[in-house]
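Peer 1: File name target.cif; file contents mmCIF, C-alpha atoms; full text below.
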data_data
loop_
_atom_site.label_atom_id
_atom_site.label_comp_id
_atom_site.auth_asym_id
_atom_site.auth_seq_id
_atom_site.Cartn_x
_atom_site.Cartn_y
_atom_site.Cartn_z
CA MET A 1 21.99 -44.24 -79.13
CA MET A 2 25.23 -43.11 -77.48
CA ALA A 3 25.03 -41.29 -74.23
CA ASN A 4 26.89 -38.02 -74.17
CA VAL A 5 29.46 -38.50 -71.49
CA SER A 6 32.09 -35.86 -71.29
CA PRO A 7 35.51 -37.42 -71.07
CA ARG A 8 37.14 -34.23 -69.95
CA THR A 9 37.58 -35.10 -66.32
CA ASP A 10 39.04 -38.51 -67.22
CA THR A 11 41.63 -37.08 -69.53
CA SER A 12 42.99 -34.71 -66.96
CA ALA A 13 43.22 -37.55 -64.43
CA ASP A 14 45.05 -39.73 -66.95
CA GLY A 15 47.30 -36.86 -67.75
CA ASP A 16 48.26 -36.60 -64.10
CA ILE A 17 48.97 -40.32 -63.79
CA ASP A 18 51.09 -40.36 -66.93
CA ASP A 19 53.12 -37.46 -65.66
CA LYS A 20 53.76 -39.08 -62.31
CA ILE A 21 54.42 -42.74 -63.21
CA PRO A 22 57.19 -43.48 -65.73
CA ALA A 23 57.33 -46.61 -67.94
CA PHE A 24 57.49 -49.97 -66.11
CA HIS A 25 58.83 -53.47 -66.86
CA ASN A 26 56.71 -56.66 -67.23
CA SER A 27 57.89 -60.20 -66.24
CA ASP A 28 59.93 -60.59 -69.48
CA GLY A 29 61.86 -57.54 -68.60
CA MET A 30 60.35 -55.72 -71.53
CA ILE A 31 59.28 -52.18 -71.26
CA VAL A 32 55.55 -52.84 -71.77
CA SER A 33 54.02 -49.49 -72.07
CA ASN A 34 55.30 -46.04 -72.18
CA ALA A 35 52.98 -43.18 -71.31
CA SER A 36 51.37 -42.88 -74.75
CA GLU A 37 50.71 -46.64 -75.21
CA ARG A 38 49.07 -46.95 -71.79
CA SER A 39 47.05 -43.85 -72.54
CA ARG A 40 45.77 -45.56 -75.74
CA ASP A 41 44.79 -48.74 -73.80
CA GLN A 42 43.07 -46.69 -71.17
CA LYS A 43 41.21 -44.71 -73.83
CA THR A 44 39.99 -47.97 -75.38
CA LEU A 45 38.91 -49.30 -72.00
CA ARG A 46 37.19 -46.03 -71.26
CA ARG A 47 35.38 -46.10 -74.60
CA LEU A 48 34.18 -49.68 -74.01
CA ALA A 49 32.94 -48.72 -70.56
CA GLN A 50 31.08 -45.75 -72.01
CA ASN A 51 29.51 -47.98 -74.64
CA ARG A 52 28.31 -50.42 -71.98
CA GLU A 53 26.91 -47.55 -69.96
CA ALA A 54 25.14 -46.10 -73.00
CA ALA A 55 23.64 -49.50 -73.86
CA ARG A 56 22.47 -49.97 -70.30
CA LYS A 57 20.81 -46.53 -70.28
CA SER A 58 19.20 -47.24 -73.63
CA ARG A 59 17.72 -50.49 -72.31
CA LEU A 60 16.37 -48.68 -69.26
CA ARG A 61 14.82 -45.96 -71.42
CA LYS A 62 13.21 -48.55 -73.65
CA LYS A 63 11.82 -50.41 -70.64
CA ALA A 64 10.40 -47.18 -69.22
CA TYR A 65 8.80 -46.32 -72.57
CA VAL A 66 7.17 -49.73 -72.88
CA GLN A 67 5.82 -49.51 -69.34
CA GLN A 68 4.42 -46.07 -70.11
CA LEU A 69 2.71 -47.43 -73.24
CA GLU A 70 1.21 -50.32 -71.33
CA SER A 71 -0.23 -48.09 -68.64
CA SER A 72 -1.52 -45.64 -71.26
CA ARG A 73 -3.23 -48.49 -73.04
CA MET A 74 -4.93 -49.59 -69.82
CA GLN A 75 -6.00 -46.01 -69.17
CA LEU A 76 -7.39 -45.73 -72.66
CA THR A 77 -9.36 -48.95 -72.33
CA GLN A 78 -10.75 -47.73 -69.03
CA LEU A 79 -11.70 -44.35 -70.51
CA GLU A 80 -13.31 -45.97 -73.51
CA GLN A 81 -15.39 -48.13 -71.22
CA ASP A 82 -16.40 -45.11 -69.15
CA LEU A 83 -17.40 -43.27 -72.30
CA GLN A 84 -19.33 -46.27 -73.50
CA ARG A 85 -21.20 -46.46 -70.21
CA ALA A 86 -21.93 -42.72 -70.25
CA ARG A 87 -23.20 -42.91 -73.81
CA GLN A 88 -25.40 -45.86 -72.97
CA GLN A 89 -26.89 -43.96 -70.07
CA GLY A 90 -27.42 -40.98 -72.33
CA LYS A 91 -29.22 -43.18 -74.80
CA TYR A 92 -31.50 -44.64 -72.20
CA ILE A 93 -32.49 -41.16 -71.12
CA SER A 94 -33.24 -39.99 -74.65
CA SER A 95 -35.20 -43.05 -75.75
CA SER A 96 -37.35 -43.52 -72.66
CA GLY A 97 -40.25 -41.52 -74.12
CA ASP A 98 -40.75 -43.09 -77.54
CA GLN A 99 -41.04 -46.79 -78.34
CA SER A 100 -39.93 -46.57 -81.98
CA GLN A 101 -37.01 -44.39 -80.95
CA SER A 102 -35.81 -46.95 -78.46
CA MET A 103 -35.95 -49.66 -81.13
CA SER A 104 -33.41 -47.93 -83.31
CA GLY A 105 -31.69 -46.74 -80.14
CA ASN A 106 -31.12 -50.37 -79.23
CA GLY A 107 -29.70 -51.11 -82.67
CA ALA A 108 -27.30 -48.22 -82.28
CA LEU A 109 -26.51 -49.29 -78.74
CA ALA A 110 -25.82 -52.85 -79.78
CA PHE A 111 -23.42 -51.63 -82.46
CA ASP A 112 -21.60 -49.31 -80.05
CA VAL A 113 -21.03 -52.21 -77.70
CA GLU A 114 -19.87 -54.54 -80.48
CA TYR A 115 -17.56 -51.87 -81.84
CA ALA A 116 -16.05 -51.23 -78.41
CA ARG A 117 -15.45 -54.98 -78.03
CA TRP A 118 -13.88 -55.20 -81.48
CA LEU A 119 -11.65 -52.23 -80.75
CA GLU A 120 -10.40 -53.76 -77.53
CA GLU A 121 -9.52 -56.98 -79.33
CA HIS A 122 -7.82 -55.03 -82.12
CA THR A 123 -5.76 -53.07 -79.59
CA ARG A 124 -4.73 -56.33 -77.94
CA ARG A 125 -3.58 -57.72 -81.29
CA ALA A 126 -1.75 -54.51 -82.21
CA ASN A 127 0.12 -54.64 -78.89
CA GLU A 128 0.98 -58.27 -79.53
CA LEU A 129 2.41 -57.23 -82.89
CA ARG A 130 4.33 -54.36 -81.31
CA GLY A 131 5.83 -56.76 -78.78
CA ALA A 132 6.82 -59.22 -81.50
CA VAL A 133 8.49 -56.47 -83.56
CA ASN A 134 10.42 -55.20 -80.53
CA ALA A 135 11.49 -58.73 -79.68
CA HIS A 136 12.91 -59.04 -83.24
CA ALA A 137 10.48 -61.82 -84.22
CA GLY A 138 10.98 -63.43 -87.63
CA ASP A 139 8.89 -62.72 -90.72
CA ALA A 140 6.90 -65.92 -90.36
CA GLU A 141 5.67 -65.03 -86.90
CA LEU A 142 4.92 -61.43 -87.89
CA ARG A 143 3.00 -62.64 -90.94
CA ILE A 144 0.71 -64.76 -88.76
CA ILE A 145 -0.09 -61.85 -86.47
CA VAL A 146 -0.57 -59.37 -89.35
CA ASP A 147 -2.86 -61.76 -91.25
CA GLY A 148 -4.87 -62.27 -88.08
CA ILE A 149 -5.32 -58.53 -87.75
CA LEU A 150 -6.37 -58.14 -91.41
CA THR A 151 -8.96 -60.89 -91.02
CA HIS A 152 -10.15 -59.28 -87.81
CA TYR A 153 -10.81 -56.04 -89.74
CA ASP A 154 -13.27 -57.97 -91.92
CA ASP A 155 -15.30 -58.68 -88.77
CA ILE A 156 -16.00 -55.03 -87.99
CA TYR A 157 -16.96 -54.26 -91.58
CA ARG A 158 -19.45 -57.10 -91.50
CA ILE A 159 -20.86 -55.87 -88.18
CA LYS A 160 -20.97 -52.31 -89.53
CA SER A 161 -22.85 -53.40 -92.64
CA GLU A 162 -25.52 -55.09 -90.50
CA ALA A 163 -25.73 -52.00 -88.28
CA ALA A 164 -26.13 -49.75 -91.35
CA LYS A 165 -29.11 -51.84 -92.45
CA ALA A 166 -30.69 -51.35 -89.03
CA ASP A 167 -29.80 -47.69 -88.49
CA VAL A 168 -27.94 -45.97 -91.30
CA PHE A 169 -28.10 -42.57 -89.62
CA HIS A 170 -26.33 -43.81 -86.52
CA ILE A 171 -23.41 -45.05 -88.65
CA LEU A 172 -23.43 -41.86 -90.71
CA SER A 173 -23.44 -39.73 -87.57
CA GLY A 174 -20.17 -41.21 -86.37
CA MET A 175 -21.49 -41.05 -82.81
CA TRP A 176 -19.97 -44.46 -82.25
CA LYS A 177 -16.55 -42.84 -82.68
CA THR A 178 -14.85 -40.44 -80.28
CA PRO A 179 -15.22 -36.67 -80.88
CA ALA A 180 -11.77 -36.06 -82.35
CA GLU A 181 -12.25 -38.95 -84.78
CA ARG A 182 -15.53 -37.40 -85.86
CA CYS A 183 -13.57 -34.37 -87.04
CA PHE A 184 -12.40 -36.47 -89.97
CA LEU A 185 -15.65 -38.30 -90.62
CA TRP A 186 -16.41 -39.15 -94.24
CA LEU A 187 -19.39 -41.35 -95.15
CA GLY A 188 -19.43 -43.10 -91.80
CA GLY A 189 -15.69 -43.64 -91.38
CA PHE A 190 -12.20 -42.44 -92.15
CA ARG A 191 -10.69 -41.46 -95.51
CA SER A 192 -8.29 -44.13 -96.74
CA SER A 193 -6.52 -41.62 -99.00
CA GLU A 194 -5.63 -39.44 -95.99
CA LEU A 195 -4.45 -42.43 -94.00
CA LEU A 196 -2.15 -43.46 -96.85
CA LYS A 197 -0.66 -39.96 -96.94
CA LEU A 198 0.12 -40.23 -93.21
CA LEU A 199 1.65 -43.67 -93.62
CA MET A 200 4.00 -42.90 -96.53
CA SER A 201 6.75 -41.39 -94.41
CA LYS A 202 6.48 -44.10 -91.74
CA LEU A 203 7.00 -46.95 -94.17
CA GLU A 204 10.40 -45.90 -95.53
CA PRO A 205 12.56 -47.33 -96.89
CA LEU A 206 10.33 -48.22 -99.83
CA THR A 207 11.48 -49.45 -103.23
CA GLU A 208 10.71 -47.22 -106.19
CA GLN A 209 8.14 -49.76 -107.31
CA GLN A 210 6.46 -49.61 -103.91
CA MET A 211 6.49 -45.82 -103.86
CA LEU A 212 4.79 -45.78 -107.25
CA ALA A 213 2.26 -48.41 -106.25
CA ILE A 214 1.34 -46.63 -103.03
CA THR A 215 1.10 -43.25 -104.78
CA ASN A 216 -1.22 -44.81 -107.36
CA LEU A 217 -3.24 -46.44 -104.58
CA GLN A 218 -3.55 -43.13 -102.77
CA GLN A 219 -4.68 -41.43 -105.98
CA SER A 220 -7.17 -44.19 -106.84
CA SER A 221 -8.76 -44.21 -103.41
CA GLN A 222 -9.02 -40.42 -103.50
CA GLN A 223 -10.71 -40.55 -106.91
CA ALA A 224 -13.18 -43.13 -105.64
CA GLU A 225 -13.83 -41.05 -102.52
CA ASP A 226 -14.51 -37.96 -104.65
CA ALA A 227 -16.84 -39.93 -106.91
CA LEU A 228 -18.82 -41.22 -103.92
CA SER A 229 -18.92 -37.72 -102.41
CA GLN A 230 -20.37 -36.33 -105.61
CA GLY A 231 -23.03 -39.02 -105.68
CA MET A 232 -23.93 -38.12 -102.09
CA GLU A 233 -24.17 -34.44 -102.99
CA ALA A 234 -26.47 -35.27 -105.89
CA LEU A 235 -28.60 -37.28 -103.48
CA GLN A 236 -28.74 -34.41 -100.98
CA GLN A 237 -29.65 -31.91 -103.70
CA SER A 238 -32.36 -34.16 -105.03
CA LEU A 239 -33.77 -34.78 -101.56
CA ALA A 240 -33.85 -31.05 -100.87
CA ASP A 241 -35.58 -30.40 -104.19
CA THR A 242 -38.20 -33.05 -103.46
CA LEU A 243 -38.99 -31.65 -100.03
CA ALA A 244 -38.97 -28.05 -101.27
CA GLY A 245 -41.42 -29.10 -103.97
CA SER A 246 -43.86 -30.33 -101.37
CA LEU A 247 -43.70 -26.99 -99.53
CA ALA A 248 -45.83 -25.36 -102.20
CA GLN A 249 -48.80 -27.50 -101.09
CA SER A 250 -51.86 -26.12 -99.33
CA ASN A 251 -54.18 -28.42 -97.38
CA SER A 252 -56.47 -29.51 -100.18
CA PRO A 253 -57.01 -33.29 -100.74
CA GLY A 254 -55.31 -33.38 -104.16
CA ASN A 255 -52.31 -31.64 -102.70
CA VAL A 256 -52.20 -33.99 -99.75
CA ALA A 257 -51.98 -36.92 -102.15
CA SER A 258 -49.18 -35.19 -104.00
CA TYR A 259 -47.48 -34.46 -100.67
CA MET A 260 -47.65 -38.14 -99.76
CA GLY A 261 -46.28 -39.03 -103.17
CA GLN A 262 -43.32 -36.73 -102.69
CA MET A 263 -42.73 -38.08 -99.19
CA ALA A 264 -42.67 -41.56 -100.68
CA MET A 265 -40.11 -40.39 -103.21
CA ALA A 266 -38.02 -38.81 -100.47
CA MET A 267 -38.20 -42.08 -98.52
CA GLY A 268 -36.84 -43.93 -101.53
CA LYS A 269 -33.95 -41.52 -101.75
CA LEU A 270 -33.10 -41.94 -98.07
CA GLY A 271 -33.05 -45.67 -98.69
CA THR A 272 -30.03 -45.32 -100.95
CA LEU A 273 -27.89 -43.90 -98.14
CA GLU A 274 -27.13 -47.38 -96.93
CA ASN A 275 -25.58 -48.20 -100.30
CA PHE A 276 -23.23 -45.24 -100.02
CA ILE A 277 -22.03 -46.37 -96.59
CA CYS A 278 -21.60 -49.86 -98.00
CA GLN A 279 -19.50 -48.63 -100.93
CA ALA A 280 -17.45 -46.33 -98.68
CA ASP A 281 -16.65 -49.25 -96.37
CA ASN A 282 -15.86 -51.46 -99.34
CA LEU A 283 -13.42 -48.79 -100.54
CA ARG A 284 -11.75 -48.75 -97.11
CA GLN A 285 -11.41 -52.52 -97.05
CA GLN A 286 -10.11 -52.80 -100.62
CA THR A 287 -7.59 -49.99 -100.11
CA PHE A 288 -6.30 -51.61 -96.95
CA GLN A 289 -5.95 -55.02 -98.57
CA GLN A 290 -4.20 -53.57 -101.60
CA LEU A 291 -1.75 -51.72 -99.34
CA HIS A 292 -0.75 -54.94 -97.67
CA ARG A 293 -0.25 -56.61 -101.03
CA ILE A 294 2.30 -53.91 -101.86
CA LEU A 295 4.21 -54.06 -98.57
CA THR A 296 6.63 -56.64 -97.19
CA THR A 297 5.66 -58.45 -93.99
CA ARG A 298 7.83 -56.20 -91.88
CA GLN A 299 6.45 -53.07 -93.53
CA SER A 300 2.90 -54.34 -93.07
CA ALA A 301 3.60 -54.80 -89.38
CA ARG A 302 4.89 -51.24 -89.12
CA ALA A 303 1.86 -49.95 -91.01
CA VAL A 304 -0.58 -51.71 -88.68
CA ILE A 305 1.24 -50.39 -85.64
CA ALA A 306 1.44 -46.85 -87.04
CA ILE A 307 -2.29 -46.78 -87.83
CA ASN A 308 -3.11 -48.11 -84.38
CA ASP A 309 -0.85 -45.46 -82.79
CA TYR A 310 -2.47 -42.69 -84.79
CA PHE A 311 -6.04 -43.61 -83.90
CA SER A 312 -5.06 -44.26 -80.28
CA ARG A 313 -3.76 -40.71 -80.13
CA LEU A 314 -6.96 -39.37 -81.65
CA ARG A 315 -8.96 -41.25 -79.04
CA ALA A 316 -6.68 -40.01 -76.25
CA LEU A 317 -7.21 -36.48 -77.56
CA SER A 318 -10.96 -37.05 -77.36
CA SER A 319 -10.65 -38.21 -73.76
CA LEU A 320 -8.63 -35.11 -72.88
CA TRP A 321 -11.17 -32.95 -74.64
CA LEU A 322 -14.10 -34.50 -72.79
CA ALA A 323 -12.32 -34.16 -69.46
CA ARG A 324 -11.26 -30.56 -70.01
CA PRO A 325 -12.08 -28.11 -67.19
CA ARG A 326 -15.03 -25.88 -67.99
CA GLU A 327 -16.26 -22.65 -66.37
CA MET B 1 -30.64 -59.08 -123.90
CA ASP B 2 -29.75 -58.54 -127.53
CA LYS B 3 -30.47 -54.86 -127.14
CA VAL B 4 -28.18 -54.73 -124.12
CA ARG B 5 -25.38 -56.62 -125.92
CA ASP B 6 -25.86 -54.48 -128.98
CA LEU B 7 -25.53 -51.22 -127.09
CA ALA B 8 -22.65 -52.61 -125.03
CA SER B 9 -20.62 -53.37 -128.12
CA LYS B 10 -21.11 -49.95 -129.70
CA LYS B 11 -18.57 -48.12 -127.53
CA ALA B 12 -15.47 -49.03 -125.53
CA ALA B 13 -17.11 -48.03 -122.26
CA VAL B 14 -20.87 -48.34 -121.75
CA ILE B 15 -22.81 -47.76 -118.55
CA PHE B 16 -26.49 -48.53 -118.00
CA THR B 17 -27.97 -46.20 -115.38
CA LYS B 18 -31.17 -44.66 -114.12
CA SER B 19 -31.63 -40.94 -113.69
CA SER B 20 -32.85 -41.57 -110.13
CA CYS B 21 -29.78 -43.62 -109.18
CA PHE B 22 -27.17 -41.64 -107.26
CA MET B 23 -24.64 -44.44 -107.16
CA CYS B 24 -24.79 -44.33 -110.96
CA HIS B 25 -23.86 -40.66 -110.68
CA SER B 26 -20.79 -41.63 -108.65
CA ILE B 27 -19.66 -44.25 -111.16
CA LYS B 28 -20.16 -41.86 -114.07
CA THR B 29 -18.10 -39.25 -112.20
CA LEU B 30 -15.31 -41.77 -111.70
CA PHE B 31 -15.19 -42.61 -115.40
CA TYR B 32 -15.09 -38.93 -116.39
CA GLU B 33 -12.33 -38.41 -113.83
CA LEU B 34 -10.32 -41.16 -115.55
CA GLY B 35 -10.74 -39.45 -118.90
CA ALA B 36 -13.18 -41.98 -120.30
CA SER B 37 -16.30 -40.88 -122.18
CA PRO B 38 -18.65 -43.77 -121.60
CA ALA B 39 -21.93 -44.12 -123.46
CA ILE B 40 -24.67 -43.66 -120.87
CA HIS B 41 -28.07 -45.35 -121.26
CA GLU B 42 -30.65 -44.24 -118.72
CA LEU B 43 -33.08 -47.13 -118.46
CA ASP B 44 -35.87 -44.99 -117.00
CA GLN B 45 -35.61 -42.55 -119.88
CA VAL B 46 -35.43 -44.85 -122.93
CA ALA B 47 -38.15 -46.75 -124.78
CA ASN B 48 -37.35 -50.39 -123.94
CA GLY B 49 -35.71 -49.54 -120.62
CA ARG B 50 -37.83 -52.08 -118.71
CA GLU B 51 -36.81 -54.96 -121.00
CA MET B 52 -33.17 -54.02 -120.75
CA GLU B 53 -33.43 -53.88 -116.97
CA TYR B 54 -34.87 -57.42 -116.94
CA ALA B 55 -32.07 -58.54 -119.24
CA LEU B 56 -29.45 -57.06 -116.93
CA ARG B 57 -31.02 -58.78 -113.93
CA ARG B 58 -30.95 -62.10 -115.78
CA LEU B 59 -27.29 -61.45 -116.48
CA GLY B 60 -26.83 -61.38 -112.73
CA CYS B 61 -26.71 -57.63 -112.15
CA ASN B 62 -27.88 -56.90 -108.65
CA PRO B 63 -28.65 -54.06 -108.37
CA SER B 64 -29.53 -53.74 -112.03
CA VAL B 65 -27.83 -50.35 -112.25
CA PRO B 66 -25.16 -49.18 -112.62
CA ALA B 67 -24.12 -51.91 -115.04
CA VAL B 68 -20.71 -51.31 -116.59
CA PHE B 69 -19.49 -52.83 -119.86
CA ILE B 70 -15.93 -52.37 -121.12
CA GLY B 71 -14.92 -53.63 -124.56
CA GLY B 72 -18.33 -55.24 -124.86
CA ASN B 73 -17.86 -57.33 -121.71
CA TYR B 74 -19.87 -57.01 -118.53
CA ILE B 75 -17.51 -55.79 -115.82
CA GLY B 76 -19.80 -55.30 -112.85
CA SER B 77 -21.72 -52.98 -110.59
CA ALA B 78 -20.53 -50.10 -108.40
CA LYS B 79 -18.79 -52.36 -105.87
CA ASP B 80 -16.89 -54.21 -108.61
CA ILE B 81 -15.83 -51.00 -110.33
CA ILE B 82 -14.51 -49.48 -107.13
CA SER B 83 -12.64 -52.67 -106.21
CA LEU B 84 -11.09 -52.86 -109.69
CA HIS B 85 -10.10 -49.20 -109.54
CA VAL B 86 -8.32 -49.68 -106.21
CA ASP B 87 -6.17 -52.56 -107.47
CA GLY B 88 -5.38 -50.73 -110.70
CA SER B 89 -7.12 -53.12 -113.08
CA LEU B 90 -9.94 -50.74 -114.06
CA LYS B 91 -7.47 -48.41 -115.72
CA ASP B 92 -5.80 -51.36 -117.46
CA LYS B 93 -9.11 -52.59 -118.83
CA LEU B 94 -10.00 -49.11 -120.07
CA ILE B 95 -6.64 -48.75 -121.81
CA GLU B 96 -6.95 -52.22 -123.35
CA ALA B 97 -10.40 -51.38 -124.71
CA LYS B 98 -9.09 -48.02 -125.92
CA ALA B 99 -11.57 -46.17 -123.77
CA ILE B 100 -8.68 -44.07 -122.46
CA TRP B 101 -5.12 -43.45 -123.56
CA LEU B 102 -2.10 -43.00 -121.30
#
Transcribe the structure of this file into structure tokens.

Peer 2:
Amino acid sequence: MMANVSPRTDTSADGDIDDKIPAFHNSDGMIVSNASERSRDQKTLRRLAQNREAARKSRLRKKAYVQQLESSRMQLTQLEQDLQRARQQGKYISSSGDQSQSMSGNGALAFDVEYARWLEEHTRRANELRGAVNAHAGDAELRIIVDGILTHYDDIYRIKSEAAKADVFHILSGMWKTPAERCFLWLGGFRSSELLKLLMSKLEPLTEQQMLAITNLQQSSQQAEDALSQGMEALQQSLADTLAGSLAQSNSPGNVASYMGQMAMAMGKLGTLENFICQADNLRQQTFQQLHRILTTRQSARAVIAINDYFSRLRALSSLWLARPRE
Amino acid sequence: MDKVRDLASKKAAVIFTKSSCFMCHSIKTLFYELGASPAIHELDQVANGREMEYALRRLGCNPSVPAVFIGGNYIGSAKDIISLHVDGSLKDKLIEAKAIWL
């Protein structure tokens, strides 16, 4: 990035000097430079000085930017911890009355804490990757960091799957995510197809083969998402029908038995929710892994960083939202 | 088992489901979306549904439904189908078995 330094003042000064001082002789008695030759040398020197200055300013800007990022990251971590604490306190208040409530409340709580811990570790790794990219690290080093991050993603999906077994509605609710992230909630997480759309422009230059592969991947994940959504809708419809059916009951014994039967059926249907979360998470994992098969190491690194940036911004937006002044 | 194999070989794409299974609904939707017209056998609606369900379980299907067969071969359950779709191989298998055309 070249700084825009106006050379106008310099030129006029040079012009003055050239007018006043005529050509001079060097030690060989040669006329070394007439006015126009010296003016060319001085222009070269001036250009080199401007380049140095521009480079220096660029380095300073970069340093300032990195420092800003670091302090933002620390702020974010702090805010996330504050939120976590506030949520925990909220949970304690709501579950103090009912024993069974507090049981599932603890499961949800435990997951929130584990997720926060995972997120902190992920952010640390993403920053490490960012630093390596900025320091022009080689492919081998980047590969190690990227692979570490991909493996680390498997951890949270495993934890999430356990948490869904314990409390599927907590995962579905997205309450373990920040408000702005919840805007985009789909079956207990984000939509891979949307994430791929966001990434496409950030990954250029891509080969034609890569473009095709990523477009296909985006289409496939969207088709799978739609299929899962339709299954969910069928489940919801069926659940509603079952419960509406039981509304027609009066309080006679035969009808109570039928009511219990329909409740049992409804319970069975609720039980399948966990499978939908499981498949949705599997889709996210598979899509992510396939993406990294398509990309080069360097592109993978950029993708990881871009995704981390995007979600960091969403979380920052949530923090701003929660801290907004209210009447 | 024979009944399962028999039905599985009758059409390029065959899916064993249950009318109460909503994941089956999702997998059926995906196949229709891809332009395939799979033969659907609802095990809770057909005569020897129970036997076929046992046979599928013995084959290793867990859960028993949805169980997807392409070109007569057992491909997998919902998780397998979704994974294969993401890496592009589901479409390839369907084309190879002539369940869909490009």

Peer 1: Separation of atom CA of Leu217 of chain A and atom CA of Phe16 of chain B, in Å?

Peer 2: 26.9 Å

Peer 1: Could you tell me which of B:Arg5, B:Lys18, B:Arg50, B:Lys91 comes closest to chain A if we count only C-alpha atoms?

Peer 2: B:Lys91

Peer 1: Please identify every residue of chain B that has at least one atom no more than 6 Å from any atom of chain A, counting all atoms listed in the file, and report them as a CSV table (one decimal) with C-alpha atoms, in the coordinates of the input.

Peer 2:
chain,number,residue,atom,x,y,z
B,22,PHE,CA,-27.2,-41.6,-107.3
B,23,MET,CA,-24.6,-44.4,-107.2
B,25,HIS,CA,-23.9,-40.7,-110.7
B,26,SER,CA,-20.8,-41.6,-108.6
B,29,THR,CA,-18.1,-39.2,-112.2
B,30,LEU,CA,-15.3,-41.8,-111.7
B,86,VAL,CA,-8.3,-49.7,-106.2

Peer 1: Tell me which residues the PyMOL selection byres ((chain B and resi 41) around 7) grabs here, as a ChimeraX atom specification.

Peer 2: /B:15-17,39-40,42-43

Peer 1: Could you tell me how far atom CA of Gly131 of chain A lies from atom CA of Ile305 of chain A, in Å and to one decimal?

Peer 2: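 That distance, rounded to one decimal, is 10.4 Å.
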
Peer 1: Quick one, how far is atom CA of Lys202 of chain A from atom CA of Ala306 of chain A?

Peer 2: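 Answer for the atom CA of Lys202 of chain A to atom CA of Ala306 of chain A separation: 7.4 Å.
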
Peer 1: Identify the residues around (-23.0, -59.1, -111.3) within a radius of 7 Å, measuring from only C-alpha atoms in the coordinates stated by the file, and give them as a PyMOL selection string.

Peer 2: chain B and resi 60-62+76-77

Peer 1: For C-alpha atoms, I'd like the residues from the last selection saved as a PDB file, in the coordinates of the input.

Peer 2:
ATOM      1  CA  GLY B  60     -26.830 -61.380-112.730  1.00  0.00           C
ATOM      2  CA  CYS B  61     -26.710 -57.630-112.150  1.00  0.00           C
ATOM      3  CA  ASN B  62     -27.880 -56.900-108.650  1.00  0.00           C
ATOM      4  CA  GLY B  76     -19.800 -55.300-112.850  1.00  0.00           C
ATOM      5  CA  SER B  77     -21.720 -52.980-110.590  1.00  0.00           C
TER       6      SER B  77
END
